[in-house]
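Asks: For reference, the structure I am asking about is given below.
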Amino acid sequence: MADVIYSVAVSLDGFVARPDVDLDWLGPFMASGDDYTGAFIDSMGALLVGSRTYAESEQTMEWFGRGPCSSKPVYVFTSRELPIAGSNVTLTDASPQRFVAELDERGVTQAGLLSGPSLLSSFRTAGLVTGYFLGIIPVVLGGGLPLFGSPHPPEHLRLADSRVWENGVVQLRYEVIKT
């Protein structure tokens with residue numbers, strides 16, 4: 001089975017977006033010029049994206065279709081029509097289980113899941129998330145879209161790697177310990 005590793009930036013108090021789903025709080029950190037996700041993206045065989053994450057803005061779609069992700073197949077999980085931002089972008093309405101089986105058939109061994117809590121919840125419910133790559137941003141939002149949406153059984157994790165950036169961003173990579 002392909003490893004599915006969830007990657008997201010999260011505030012210190014556990015939110016991935018403001019209540020209005022605005023991501024403006026990430027701006028100063030993204031403007032720093034630091035490449036927080038380049039090595040992660042490079043190590044993935046495919047990127048799995050939620051439709052709201054993908055269609056957040058023209059800039060986001062450009063990032064997946066023609067920007068740093070353009071050399072990777074990007075699969076957008078959606079039940080609606082969305083613009084295709086690059087030849088590497090494919091829309092899918094497949095279930096997580098069926099899709100991971102398709103990744104196996106394509107020989108993809110690692111896929112990065114870049115989404116909000118809704119798509120993450122679907123993959124967690126199916127027991128398909130094998131790791132987490134979190135960028136802890138030194139901001140307290142005080143509310144918003146939580147990292148984990150609905151309740152799930154506990155997962156036991158093992159810290160596989162960590163990095164502290166000069167501006168206070170902390171990256172943590174965890175592996176899910178299957179019991």
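Within each chain, counting starts at residue 1; across the structure tokens, chains are named A, B, ... in the order shown, with ligands numbered 1 upward in that order.
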Write out as JSON lines a residue-level contact list of stretch 7-50 of chain A versus stretch 77-101 of chain A with cut-off 12 Å: for each qualifying residue the closest pair of atoms and the distance in Å to one decimal, counting only C-alpha atoms, rows sorted by chain and residue number upward.
Replies:
```
{"residue": "A:Ala46", "atom": "CA", "partner": "A:Asn88", "partner_atom": "CA", "distance": 9.8}
{"residue": "A:Leu47", "atom": "CA", "partner": "A:Val89", "partner_atom": "CA", "distance": 9.4}
{"residue": "A:Leu48", "atom": "CA", "partner": "A:Phe77", "partner_atom": "CA", "distance": 7.3}
{"residue": "A:Val49", "atom": "CA", "partner": "A:Phe77", "partner_atom": "CA", "distance": 6.1}
{"residue": "A:Gly50", "atom": "CA", "partner": "A:Phe77", "partner_atom": "CA", "distance": 5.2}
```
Asks: Could you pull out the alpha helix (DSSP H) residues of stretch 53-116 of chain A, going by DSSP on the backbone, and write them as number ranges by chain?
Replies: A: 53-54, 58-65, 96-106
Asks: Of the candidates A:Leu119, A:Ala2, A:Leu134, A:Ile41, which shows the shortest atom-to-atom distance to A:Lys72, using only C-alpha atoms?
Replies: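 Looking only at the distances to A:Lys72, the closest residue turns out to be A:Ile41.
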Asks: Grab the atom CA of A:Glu105 to atom CA of A:Met44 distance for me, in Å with one decimal place.
Replies: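 These atoms are spaced 15.8 Å apart.
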Asks: Neighbours of A:Thr125 within 10 Å (only C-alpha atoms; same-chain residues fewer than 2 positions away dropped), as an MDAnalysis selection string?
Replies: chainID A and resid 96 119:123 127:129 150:153
Asks: Between A:Ser115, A:Val4, A:Tyr54, A:Phe15, which is the closest to A:Thr130 once you count only C-alpha atoms?
Replies: A:Val4
